[in-house]
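Heads up, work_29.cif below (mmCIF, C-alpha atoms):
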data_start
loop_
_atom_site.label_atom_id
_atom_site.label_comp_id
_atom_site.auth_asym_id
_atom_site.auth_seq_id
_atom_site.Cartn_x
_atom_site.Cartn_y
_atom_site.Cartn_z
CA MET Y 1231 0.00 0.00 0.00
CA ARG Y 1232 1.29 3.47 -0.91
CA TYR Y 1233 0.73 6.48 1.31
CA LEU Y 1234 0.49 10.10 0.14
CA ARG Y 1235 2.78 12.30 2.19
CA ARG Y 1236 2.32 16.01 2.68
CA GLN Y 1237 5.21 18.33 3.46
CA THR Y 1238 5.01 19.95 6.89
CA LEU Y 1239 6.33 23.53 7.11
CA ASN Y 1240 5.33 24.37 10.67
CA ARG Y 1241 8.45 23.84 12.80
CA ARG Y 1242 6.39 23.47 16.00
CA ALA Y 1243 3.65 21.18 14.72
CA ALA Y 1244 4.73 18.00 12.98
CA TYR Y 1245 1.25 17.30 11.57
CA ASP Y 1246 0.27 20.83 10.48
CA ASN Y 1247 -0.99 20.51 6.88
CA THR Y 1248 -2.15 24.07 6.25
CA LEU Y 1249 0.19 24.36 3.25
CA TYR Y 1250 0.80 21.49 0.83
CA VAL Y 1251 0.82 20.43 -2.83
CA ASP Y 1252 -1.95 18.03 -3.83
CA THR Y 1253 -1.85 15.26 -6.42
CA ASN Y 1254 -2.85 17.71 -9.18
CA GLY Y 1255 0.12 19.96 -8.46
CA SER Y 1256 -2.02 22.68 -6.89
CA VAL Y 1257 -0.64 24.59 -3.92
CA ILE Y 1258 -3.16 24.41 -1.08
CA MET Y 1259 -3.22 27.00 1.74
CA ASP Y 1260 -5.70 25.93 4.39
CA SER Y 1261 -4.89 28.57 7.01
CA ARG Y 1262 -7.61 30.70 8.57
CA THR Y 1263 -5.30 33.53 9.60
CA ALA Y 1264 -3.26 35.31 6.93
CA LEU Y 1265 -0.57 35.00 4.29
CA LYS Y 1266 2.36 37.35 4.71
CA LEU Y 1267 3.84 38.27 1.36
CA PRO Y 1268 7.53 38.87 0.68
CA HIS Y 1269 8.18 42.54 1.29
CA GLY Y 1270 10.81 45.18 0.82
CA LEU Y 1271 11.62 48.59 -0.61
CA GLY Y 1272 10.82 49.33 -4.22
CA ASN Y 1273 11.69 52.69 -5.69
CA ALA Y 1274 9.05 53.37 -8.34
CA ALA Y 1275 11.56 55.38 -10.36
CA VAL Y 1276 13.91 52.40 -10.71
CA PRO Y 1277 13.17 50.11 -13.69
CA ALA Y 1278 12.17 46.56 -12.85
CA GLY Y 1279 15.29 44.50 -12.23
CA GLY Y 1280 17.37 47.60 -11.44
CA PHE Y 1281 20.76 46.89 -9.91
CA GLY Y 1282 22.64 48.37 -6.98
CA ASN Y 1283 20.01 50.76 -5.63
CA ALA Y 1284 19.57 50.85 -1.86
CA ASP Y 1285 15.96 51.90 -2.29
CA ASN Y 1286 15.11 48.97 -4.57
CA GLU Y 1287 14.87 45.49 -3.03
CA ARG Y 1288 12.87 43.93 -5.84
CA PRO Y 1289 14.18 40.71 -7.38
CA VAL Y 1290 17.21 41.29 -9.57
CA VAL Y 1291 15.74 39.11 -12.32
CA PRO Y 1292 11.94 39.39 -11.97
CA GLN Y 1293 9.57 36.96 -13.64
CA ASN Y 1294 5.93 37.37 -14.65
CA GLY Y 1295 3.64 36.33 -11.81
CA MET Y 1296 5.89 37.37 -8.93
CA MET Y 1297 4.05 39.13 -6.08
CA ARG Y 1298 5.35 41.21 -3.19
CA TYR Y 1299 4.49 44.06 -0.81
CA ASN Y 1300 6.23 47.32 -1.77
CA GLU Y 1301 7.26 49.14 1.41
CA THR Y 1302 8.04 52.30 -0.56
CA THR Y 1303 4.65 52.78 -2.22
CA LEU Y 1304 2.69 50.72 0.37
CA ASP Y 1305 1.12 48.66 -2.44
CA ILE Y 1306 0.84 44.97 -3.23
CA GLU Y 1307 2.51 44.67 -6.63
CA VAL Y 1308 2.70 41.95 -9.28
CA TYR Y 1309 5.27 41.60 -12.02
CA GLN Y 1310 3.42 41.45 -15.33
CA GLY Y 1311 4.45 42.23 -18.88
CA SER Y 1312 7.98 43.31 -17.94
CA THR Y 1313 6.90 45.79 -15.30
CA TRP Y 1314 5.83 45.91 -11.66
CA ARG Y 1315 2.14 46.85 -11.33
CA ALA Y 1316 0.25 47.81 -8.19
CA LEU Y 1317 -2.94 45.88 -7.56
CA ARG Y 1318 -6.17 47.82 -7.77
CA TYR Y 1319 -8.44 47.78 -4.73
CA ARG Y 1320 -12.22 47.82 -4.65
CA GLU Y 1321 -12.55 51.41 -3.50
CA SER Y 1322 -12.86 53.98 -6.27
CA GLY Y 1323 -9.99 56.31 -7.04
CA SER Y 1324 -10.08 59.99 -6.21
CA ILE Y 1325 -11.09 61.79 -9.40
CA THR Y 1326 -10.50 65.53 -9.24
CA GLN Y 1327 -12.43 68.09 -11.30
CA GLN Y 1328 -10.33 71.22 -11.59
CA THR Y 1329 -11.02 74.47 -13.41
CA LEU Y 1330 -7.70 75.85 -14.66
CA GLY Y 1331 -8.90 79.23 -15.91
CA VAL Y 1332 -10.56 80.88 -18.86
CA GLY Y 1333 -9.11 81.54 -22.30
CA ASP Y 1334 -8.17 85.06 -23.40
CA GLY Y 1335 -7.18 84.39 -27.00
CA ASP Y 1336 -3.49 84.52 -26.06
CA THR Y 1337 -2.73 82.10 -23.20
CA VAL Y 1338 -1.63 78.53 -24.03
CA TYR Y 1339 -0.49 77.37 -20.54
CA PHE Y 1340 -3.04 76.34 -17.91
CA GLY Y 1341 -2.23 74.90 -14.50
CA PRO Y 1342 -0.80 73.68 -12.30
CA LEU Y 1343 -2.62 70.40 -11.82
CA ASN Y 1344 -3.66 70.01 -8.21
CA PRO Y 1345 -3.15 67.51 -6.71
CA ALA Y 1346 0.07 66.80 -8.57
CA PRO Y 1347 -0.03 63.54 -10.56
CA PRO Y 1348 2.19 60.57 -9.66
CA ALA Y 1349 5.59 60.33 -11.34
CA ILE Y 1350 4.86 56.67 -12.10
CA THR Y 1351 1.37 55.39 -13.00
CA GLN Y 1352 -0.33 52.25 -11.72
CA ARG Y 1353 0.96 50.44 -14.81
CA GLY Y 1354 4.51 51.33 -13.86
CA TYR Y 1355 5.05 53.81 -16.66
CA THR Y 1356 6.20 57.42 -16.43
CA TRP Y 1357 3.16 59.72 -16.22
CA THR Y 1358 2.63 61.66 -19.47
CA GLY Y 1359 -0.79 63.26 -19.19
CA SER Y 1360 -2.61 60.84 -21.48
CA ASN Y 1361 -4.89 59.84 -18.58
CA LEU Y 1362 -6.56 63.24 -18.40
CA LEU Y 1363 -9.98 64.35 -19.55
CA VAL Y 1364 -9.56 67.94 -20.75
CA ILE Y 1365 -12.57 70.02 -21.76
CA VAL Y 1366 -12.58 73.55 -23.19
CA GLU Y 1367 -16.08 74.90 -22.49
CA ASN Y 1368 -17.93 71.76 -23.66
CA VAL Y 1369 -15.46 70.34 -26.21
CA ILE Y 1370 -13.21 67.39 -25.29
CA GLN Y 1371 -9.53 67.94 -26.14
CA LEU Y 1372 -7.19 65.21 -27.43
CA HIS Y 1373 -3.79 64.57 -25.84
CA THR Y 1374 -0.86 65.39 -28.19
CA THR Y 1375 -3.35 66.75 -30.76
CA ASN Y 1376 -4.85 69.68 -28.82
CA TYR Y 1377 -2.56 69.74 -25.80
CA THR Y 1378 0.50 68.22 -24.14
CA VAL Y 1379 1.61 68.29 -20.51
CA VAL Y 1380 4.80 70.04 -19.41
CA GLN Y 1381 6.48 70.28 -16.02
CA ASN Y 1382 7.86 73.49 -14.49
CA PRO Y 1383 7.53 75.57 -17.70
CA THR Y 1384 9.00 79.03 -18.15
CA PHE Y 1385 6.38 81.66 -18.98
CA SER Y 1386 7.29 84.70 -21.00
CA ALA Y 1387 6.45 88.19 -19.76
CA GLU Y 1388 2.78 89.18 -20.15
CA THR Y 1389 1.20 92.62 -20.52
CA TYR Y 1390 -2.51 93.16 -19.93
CA TYR Y 1391 -4.55 96.18 -21.00
CA GLY Y 1392 -7.78 96.80 -19.10
CA THR Y 1393 -10.18 99.64 -18.37
CA LEU Y 1394 -11.73 100.77 -15.09
CA SER Y 1395 -15.39 99.99 -14.47
CA ARG Y 1396 -15.88 102.93 -12.08
CA THR Y 1397 -14.18 106.22 -11.18
CA GLU Y 1398 -11.58 105.96 -8.40
CA LEU Y 1399 -10.70 108.96 -6.22
CA VAL Y 1400 -7.29 110.25 -5.14
CA THR Y 1401 -5.72 108.13 -2.33
CA ALA Y 1402 -7.69 105.03 -3.45
CA THR Y 1403 -5.67 101.83 -3.51
CA ARG Y 1404 -8.18 99.50 -5.16
CA LEU Y 1405 -9.09 99.56 -8.86
CA TYR Y 1406 -12.14 97.81 -10.35
CA PHE Y 1407 -12.03 96.57 -13.94
CA ASN Y 1408 -14.51 95.96 -16.72
CA THR Y 1409 -14.80 92.21 -16.46
CA SER Y 1410 -16.79 89.10 -17.42
CA LEU Y 1411 -19.72 87.63 -15.43
CA GLN Y 1412 -22.38 84.98 -15.78
CA THR Y 1413 -25.99 86.13 -15.85
CA THR Y 1414 -28.62 85.22 -13.27
CA GLY Y 1415 -31.65 86.79 -14.98
CA ALA Y 1416 -32.92 89.02 -17.77
CA SER Y 1417 -35.79 91.33 -18.61
CA GLY Y 1418 -36.64 93.64 -21.49
CA SER Y 1419 -38.90 96.63 -22.13
CA SER Y 1420 -38.85 96.52 -25.98
CA THR Y 1421 -36.21 99.28 -25.94
CA THR Y 1422 -33.80 98.34 -23.15
CA ALA Y 1423 -32.55 94.97 -21.91
CA THR Y 1424 -31.40 94.52 -18.33
CA LEU Y 1425 -29.29 91.53 -17.30
CA THR Y 1426 -28.67 90.63 -13.67
CA PHE Y 1427 -25.72 88.86 -12.04
CA ALA Y 1428 -24.47 87.95 -8.58
CA ALA Y 1429 -23.88 91.04 -6.41
CA GLN Y 1430 -20.46 92.63 -6.97
CA PRO Y 1431 -18.50 94.98 -4.67
CA ALA Y 1432 -18.62 97.64 -7.41
CA ALA Y 1433 -20.28 98.16 -10.80
CA PRO Y 1434 -18.44 95.70 -13.10
CA PHE Y 1435 -19.07 97.57 -16.37
CA SER Y 1436 -18.61 101.26 -17.11
CA ILE Y 1437 -21.19 103.27 -19.05
CA GLY Y 1438 -20.10 103.38 -22.68
CA GLU Y 1439 -18.15 100.12 -22.44
CA THR Y 1440 -18.75 97.61 -25.22
CA ILE Y 1441 -19.89 94.21 -23.97
CA LEU Y 1442 -20.55 90.89 -25.68
CA VAL Y 1443 -23.46 88.78 -24.43
CA THR Y 1444 -23.28 85.08 -25.32
CA GLY Y 1445 -25.05 81.81 -24.54
CA MET Y 1446 -28.34 83.26 -23.33
CA THR Y 1447 -31.88 82.16 -24.02
CA PRO Y 1448 -33.94 84.04 -25.23
CA TYR Y 1449 -31.32 84.37 -27.98
CA GLY Y 1450 -32.26 87.98 -28.72
CA TYR Y 1451 -30.30 89.15 -25.68
CA ASN Y 1452 -27.06 87.91 -27.24
CA GLY Y 1453 -24.70 90.05 -29.28
CA SER Y 1454 -22.50 93.12 -29.00
CA ALA Y 1455 -23.88 96.17 -27.19
CA VAL Y 1456 -22.87 99.40 -25.45
CA VAL Y 1457 -23.60 99.75 -21.72
CA THR Y 1458 -26.18 102.44 -20.92
CA ALA Y 1459 -26.44 101.79 -17.16
CA CYS Y 1460 -24.80 99.54 -14.59
CA ASN Y 1461 -24.78 98.95 -10.85
CA GLU Y 1462 -23.57 96.19 -8.51
CA THR Y 1463 -26.26 93.70 -9.63
CA SER Y 1464 -27.32 94.59 -13.19
CA VAL Y 1465 -26.29 96.05 -16.53
CA SER Y 1466 -28.52 97.62 -19.21
CA TYR Y 1467 -28.15 98.21 -22.96
CA LEU Y 1468 -30.35 99.03 -25.96
CA ASN Y 1469 -32.17 95.90 -27.11
CA THR Y 1470 -35.74 95.10 -28.19
CA THR Y 1471 -35.90 91.58 -26.71
CA THR Y 1472 -38.38 90.83 -23.93
CA GLY Y 1473 -38.94 87.83 -21.69
CA SER Y 1474 -37.23 86.13 -18.76
CA GLN Y 1475 -33.97 84.23 -18.93
CA THR Y 1476 -34.34 80.48 -19.42
CA VAL Y 1477 -30.65 79.68 -20.07
CA ALA Y 1478 -27.87 81.66 -18.40
CA GLY Y 1479 -25.24 83.40 -20.48
CA THR Y 1480 -22.08 85.42 -20.08
CA ILE Y 1481 -21.53 89.20 -20.21
CA THR Y 1482 -17.97 90.00 -21.29
CA SER Y 1483 -16.30 93.37 -21.64
CA THR Y 1484 -14.14 93.83 -24.72
CA HIS Y 1485 -11.39 94.90 -22.27
CA ALA Y 1486 -11.76 91.93 -19.87
CA ILE Y 1487 -8.44 90.58 -18.56
CA TYR Y 1488 -7.82 86.90 -17.88
CA PRO Y 1489 -4.58 86.54 -15.87
CA ALA Y 1490 -2.68 83.45 -16.97
CA LEU Y 1491 -0.45 83.51 -13.89
CA ASP Y 1492 -0.27 85.07 -10.46
CA ILE Y 1493 -0.03 88.82 -11.16
CA THR Y 1494 0.95 89.76 -7.61
CA GLY Y 1495 4.00 92.01 -7.97
CA ALA Y 1496 3.21 92.98 -11.58
CA THR Y 1497 3.88 96.60 -12.54
CA VAL Y 1498 0.85 98.91 -12.89
CA THR Y 1499 0.93 102.05 -15.07
CA GLY Y 1500 -1.61 104.59 -16.28
CA THR Y 1501 -3.07 108.01 -15.56
CA GLY Y 1502 -2.92 108.80 -11.83
CA ILE Y 1503 -0.76 105.75 -11.04
CA PRO Y 1504 2.54 106.67 -9.29
CA ALA Y 1505 5.82 105.30 -10.60
CA LEU Y 1506 6.95 101.91 -9.27
CA THR Y 1507 3.40 100.87 -8.40
CA THR Y 1508 2.77 97.13 -8.29
CA VAL Y 1509 -0.14 94.75 -7.70
CA SER Y 1510 -0.28 93.77 -4.03
CA ALA Y 1511 -3.43 91.62 -4.35
CA TYR Y 1512 -6.12 90.89 -6.92
CA THR Y 1513 -9.45 89.12 -7.41
CA THR Y 1514 -10.96 87.24 -10.34
CA ASP Y 1515 -14.47 86.01 -11.01
CA LEU Y 1516 -14.77 82.41 -9.85
CA LYS Y 1517 -16.82 81.31 -12.86
CA THR Y 1518 -15.23 83.17 -15.76
CA GLY Y 1519 -11.69 83.72 -14.45
CA ALA Y 1520 -11.73 87.39 -15.51
CA LEU Y 1521 -9.95 90.03 -13.41
CA THR Y 1522 -12.38 92.02 -11.25
CA SER Y 1523 -10.08 94.19 -9.11
CA ILE Y 1524 -6.51 94.86 -8.02
CA ASP Y 1525 -5.01 96.42 -4.92
CA ILE Y 1526 -2.06 98.67 -5.73
CA SER Y 1527 1.03 99.36 -3.63
CA ASN Y 1528 0.77 103.17 -4.02
CA PRO Y 1529 -2.43 105.27 -3.77
CA ILE Y 1530 -3.78 107.30 -6.71
CA VAL Y 1531 -2.27 110.79 -6.99
CA GLY Y 1532 -3.09 114.02 -8.82
CA SER Y 1533 -6.75 113.60 -9.77
CA PRO Y 1534 -9.42 110.89 -9.87
CA ILE Y 1535 -9.10 108.15 -12.47
CA ILE Y 1536 -12.26 108.26 -14.58
CA ALA Y 1537 -14.26 105.12 -15.40
CA GLY Y 1538 -13.17 103.70 -18.74
CA THR Y 1539 -9.55 104.85 -18.31
CA ALA Y 1540 -6.98 102.38 -19.65
CA ILE Y 1541 -4.67 100.68 -17.14
CA THR Y 1542 -1.66 98.53 -18.03
CA ILE Y 1543 -0.51 95.57 -15.94
CA ALA Y 1544 2.87 94.09 -16.87
CA GLU Y 1545 4.25 90.95 -15.26
CA SER Y 1546 7.79 89.63 -15.75
CA SER Y 1547 8.65 86.13 -16.92
CA GLN Y 1548 8.01 83.38 -14.38
CA VAL Y 1549 8.82 79.70 -13.88
CA GLY Y 1550 5.80 77.57 -13.09
CA SER Y 1551 5.90 74.88 -10.43
CA GLY Y 1552 4.21 71.58 -11.26
CA TYR Y 1553 2.43 70.13 -14.29
CA TYR Y 1554 0.73 72.46 -16.81
CA LEU Y 1555 -1.40 71.89 -19.89
CA LEU Y 1556 0.22 73.35 -23.00
CA PHE Y 1557 -2.34 73.87 -25.76
CA SER Y 1558 -1.38 73.80 -29.42
CA GLY Y 1559 -2.99 77.23 -29.82
CA PRO Y 1560 -4.47 79.97 -27.60
CA VAL Y 1561 -7.75 79.10 -25.90
CA PRO Y 1562 -10.51 81.42 -27.24
CA PRO Y 1563 -11.63 84.29 -24.98
CA GLY Y 1564 -14.16 83.36 -22.32
CA LYS Y 1565 -13.82 79.59 -22.82
CA PRO Y 1566 -13.25 77.81 -19.45
CA VAL Y 1567 -10.65 75.05 -19.27
CA THR Y 1568 -11.66 72.10 -17.08
CA VAL Y 1569 -9.65 68.95 -16.40
CA LEU Y 1570 -10.59 65.67 -14.74
CA HIS Y 1571 -7.54 63.87 -13.38
CA GLY Y 1572 -6.65 61.08 -11.01
CA PHE Y 1573 -7.68 58.18 -13.29
CA ASP Y 1574 -4.26 56.58 -12.78
CA GLN Y 1575 -4.38 56.74 -8.97
#
Would you put the structure from the file into structure tokens?
Amino acid sequence: MRYLRRQTLNRRAAYDNTLYVDTNGSVIMDSRTALKLPHGLGNAAVPAGGFGNADNERPVVPQNGMMRYNETTLDIEVYQGSTWRALRYRESGSITQQTLGVGDGDTVYFGPLNPAPPAITQRGYTWTGSNLLVIVENVIQLHTTNYTVVQNPTFSAETYYGTLSRTELVTATRLYFNTSLQTTGASGSSTTATLTFAAQPAAPFSIGETILVTGMTPYGYNGSAVVTACNETSVSYLNTTTGSQTVAGTITSTHAIYPALDITGATVTGTGIPALTTVSAYTTDLKTGALTSIDISNPIVGSPIIAGTAITIAESSQVGSGYYLLFSGPVPPGKPVTVLHGFDQ
């Protein structure tokens, strides 16, 4: 009579058969506690099978099917297709929706991505930006066709030309600009249209300023017009359309400024602005990204600055920190850039 013998691995129990190979060659683990995987450091930046790196304790000659716990990334990883890959867990990844700004017809860089993407993806490859969903207004953009991703880019100097939306008196240190806002309502009297928006700290459009209304329903409110009246919650212009708003639109001044970068420290010049004046703080509209106001380092001198007066803001070249979208051409004015990222987390 022949007896089947199982190998015993437990050094303290001669008849412990929780791990054995059956007659079919299958490895059987019959434990009710846990399996502790091989573990060690694993620098994600080191190619699989890298040699001589103190931060990489992966097998020198890995083979497909190997499994281990990576103490560097805190992931269970499997060697597959010539690369180490982290196992996916059941919980969903953290997908981030981020608005990177609004086009101005000149800017091609938008960023930085926040949170910053991983240097190495779940598949073990260097992150390139292909796992992004980029949308300009409502149009999906294609990676390498419409945009690429660059890290720590150098931005050339930018000069912005805006106009004041209200008169500012001598000694004032805050300037309000003709801007861009989304509408909250509309009404018409057959001769004059009035559009409303969220309350602003100052009138956002000067009388006589040319504005462009887009995206609204009724459609008759759309088009180019000259401002006849404006306060902190509404703007009026000559128009024969009547009826309430059913679809919100955008009111944009022809002089609206969309800062591509942080303009703190940029030089400010214009009538009534002292020499060596800079931007000490600024605000933009949360929905359109257009500049609404700046605080200046020196108060206005001489005489009041009249609404509609041109103001120049010049910023020097800067080096960005992080990952930025680089579009193949300038994003059109007023078009918001939105990105969904985190698909490779």
Residues of stretch 1305-1352 of chain Y within 10 Å of stretch 1365-1377 of chain Y: nearest atom pair and distance (Å, one decimal) for each, counting only C-alpha atoms, sorted by chain and number, as JSON lines?
{"residue": "Y:Thr1329", "atom": "CA", "partner": "Y:Ile1365", "partner_atom": "CA", "distance": 9.6}
{"residue": "Y:Gly1331", "atom": "CA", "partner": "Y:Val1366", "partner_atom": "CA", "distance": 9.9}
{"residue": "Y:Val1332", "atom": "CA", "partner": "Y:Val1366", "partner_atom": "CA", "distance": 8.7}
{"residue": "Y:Gly1333", "atom": "CA", "partner": "Y:Val1366", "partner_atom": "CA", "distance": 8.8}
{"residue": "Y:Val1338", "atom": "CA", "partner": "Y:Tyr1377", "partner_atom": "CA", "distance": 9.0}
{"residue": "Y:Tyr1339", "atom": "CA", "partner": "Y:Tyr1377", "partner_atom": "CA", "distance": 9.5}
Surrounding residues of Y:Thr1358 excluding itself and chain neighbours under 2 positions, 9 Å, all atoms listed in the file, as a compact mmCIF listing (two decimals) with C-alpha atoms, in the frame of the given file:
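Result saved to result-v7.txt:
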# COMPACT_ATOMS: atom_id res chain seq x y z
CA ALA Y 1349 5.59 60.33 -11.34
CA TYR Y 1355 5.05 53.81 -16.66
CA THR Y 1356 6.20 57.42 -16.43
CA SER Y 1360 -2.61 60.84 -21.48
CA ASN Y 1361 -4.89 59.84 -18.58
CA THR Y 1378 0.50 68.22 -24.14
CA VAL Y 1379 1.61 68.29 -20.51
CA VAL Y 1380 4.80 70.04 -19.41
Provide an axis-aligned box for all listed atoms of stretch 1470-1482 of chain Y, padding each side by 8 Å; report its centre and its edge lengths in Å to one decimal, as lines of an AutoDock Vina configuration file.
center_x = -28.5
center_y = 87.4
center_z = -23.3
size_x = 37.0
size_y = 31.4
size_z = 25.8
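Remark: for Y:Pro1529, the closest of the candidate residues Y:Thr1253, Y:Thr1401, Y:Thr1393, Y:Ser1312 is Y:Thr1401 (distances computed over all atoms listed in the file).
For the structure shown here, the set of residues caught by the PyMOL selection byres ((chain Y and resi 1294) around 8) is Pro1292, Gln1293, Gly1295, Met1296, Val1308, Tyr1309, Gln1310, Gly1311 and Ser1312 of chain Y.
Closest to Y:Thr1447 among Y:Thr1421, Y:Ser1527, Y:Asn1461, Y:Thr1413 is Y:Thr1413, based on only C-alpha atoms.
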Open item on the list: Report as a list in words all protein, DNA and RNA residues lying within 12 Å of Y:Asp1336, evaluated on all atoms listed in the file, omitting residues in the same chain fewer than 4 positions from it.
Closed with: Val1332, Phe1340, Ser1386, Glu1388, Thr1389, Tyr1390, Ile1487, Tyr1488, Pro1489, Ala1490, Phe1557, Ser1558, Gly1559, Pro1560, Val1561, Pro1562, Pro1563, Gly1564 and Lys1565 of chain Y
Quick one: write out the picked residues with C-alpha atoms as a compact mmCIF listing (two decimals), in the coordinates of the input?
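Output saved as again_1.txt:
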# COMPACT_ATOMS: atom_id res chain seq x y z
CA VAL Y 1332 -10.56 80.88 -18.86
CA PHE Y 1340 -3.04 76.34 -17.91
CA SER Y 1386 7.29 84.70 -21.00
CA GLU Y 1388 2.78 89.18 -20.15
CA THR Y 1389 1.20 92.62 -20.52
CA TYR Y 1390 -2.51 93.16 -19.93
CA ILE Y 1487 -8.44 90.58 -18.56
CA TYR Y 1488 -7.82 86.90 -17.88
CA PRO Y 1489 -4.58 86.54 -15.87
CA ALA Y 1490 -2.68 83.45 -16.97
CA PHE Y 1557 -2.34 73.87 -25.76
CA SER Y 1558 -1.38 73.80 -29.42
CA GLY Y 1559 -2.99 77.23 -29.82
CA PRO Y 1560 -4.47 79.97 -27.60
CA VAL Y 1561 -7.75 79.10 -25.90
CA PRO Y 1562 -10.51 81.42 -27.24
CA PRO Y 1563 -11.63 84.29 -24.98
CA GLY Y 1564 -14.16 83.36 -22.32
CA LYS Y 1565 -13.82 79.59 -22.82
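The protein and nucleic acid residues lying at most 7 Å from Y:Gln1327 are Val1569, Leu1570 and His1571 of chain Y, with all atoms listed in the file considered and sequence neighbours fewer than 3 positions away removed.
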Open item on the list: So the first atom is atom CA of Y:Ser1395 and the second is atom CA of Y:Gly1538; what is the distance between them in Å, to one decimal place?
Closed with: 6.1 Å
Output file: stretch 1254-1272 of chain Y, N, CA and C atoms, as a CSV table (one decimal), in the first residue's frame:
chain,number,residue,atom,x,y,z
Y,1254,ASN,N,-2.7,17.0,-7.9
Y,1254,ASN,CA,-2.8,17.7,-9.2
Y,1254,ASN,C,-1.8,18.8,-9.4
Y,1255,GLY,N,-0.9,18.9,-8.4
Y,1255,GLY,CA,0.1,20.0,-8.5
Y,1255,GLY,C,-0.3,21.3,-8.0
Y,1256,SER,N,-1.5,21.4,-7.4
Y,1256,SER,CA,-2.0,22.7,-6.9
Y,1256,SER,C,-1.5,22.9,-5.5
Y,1257,VAL,N,-1.1,24.2,-5.2
Y,1257,VAL,CA,-0.6,24.6,-3.9
Y,1257,VAL,C,-1.9,24.9,-3.1
Y,1258,ILE,N,-2.0,24.2,-1.9
Y,1258,ILE,CA,-3.2,24.4,-1.1
Y,1258,ILE,C,-2.7,25.1,0.2
Y,1259,MET,N,-3.4,26.3,0.5
Y,1259,MET,CA,-3.2,27.0,1.7
Y,1259,MET,C,-4.5,26.9,2.5
Y,1260,ASP,N,-4.5,26.2,3.6
Y,1260,ASP,CA,-5.7,25.9,4.4
Y,1260,ASP,C,-5.7,26.7,5.7
Y,1261,SER,N,-5.0,27.8,5.8
Y,1261,SER,CA,-4.9,28.6,7.0
Y,1261,SER,C,-6.1,29.5,7.1
Y,1262,ARG,N,-6.5,29.8,8.3
Y,1262,ARG,CA,-7.6,30.7,8.6
Y,1262,ARG,C,-7.1,32.0,9.1
Y,1263,THR,N,-5.8,32.3,9.1
Y,1263,THR,CA,-5.3,33.5,9.6
Y,1263,THR,C,-4.9,34.4,8.5
Y,1264,ALA,N,-3.7,34.4,8.0
Y,1264,ALA,CA,-3.3,35.3,6.9
Y,1264,ALA,C,-2.0,34.8,6.2
Y,1265,LEU,N,-1.8,35.3,5.1
Y,1265,LEU,CA,-0.6,35.0,4.3
Y,1265,LEU,C,0.3,36.3,4.3
Y,1266,LYS,N,1.5,36.2,4.7
Y,1266,LYS,CA,2.4,37.4,4.7
Y,1266,LYS,C,3.2,37.3,3.5
Y,1267,LEU,N,3.1,38.3,2.6
Y,1267,LEU,CA,3.8,38.3,1.4
Y,1267,LEU,C,5.3,38.7,1.6
Y,1268,PRO,N,6.2,38.3,0.7
Y,1268,PRO,CA,7.5,38.9,0.7
Y,1268,PRO,C,7.4,40.4,0.6
Y,1269,HIS,N,8.3,41.1,1.3
Y,1269,HIS,CA,8.2,42.5,1.3
Y,1269,HIS,C,9.5,43.2,1.2
Y,1270,GLY,N,9.6,44.4,0.9
Y,1270,GLY,CA,10.8,45.2,0.8
Y,1270,GLY,C,10.6,46.5,0.1
Y,1271,LEU,N,11.7,47.3,0.1
Y,1271,LEU,CA,11.6,48.6,-0.6
Y,1271,LEU,C,11.5,48.4,-2.1
Y,1272,GLY,N,10.9,49.4,-2.8
Y,1272,GLY,CA,10.8,49.3,-4.2
Y,1272,GLY,C,10.7,50.7,-4.8
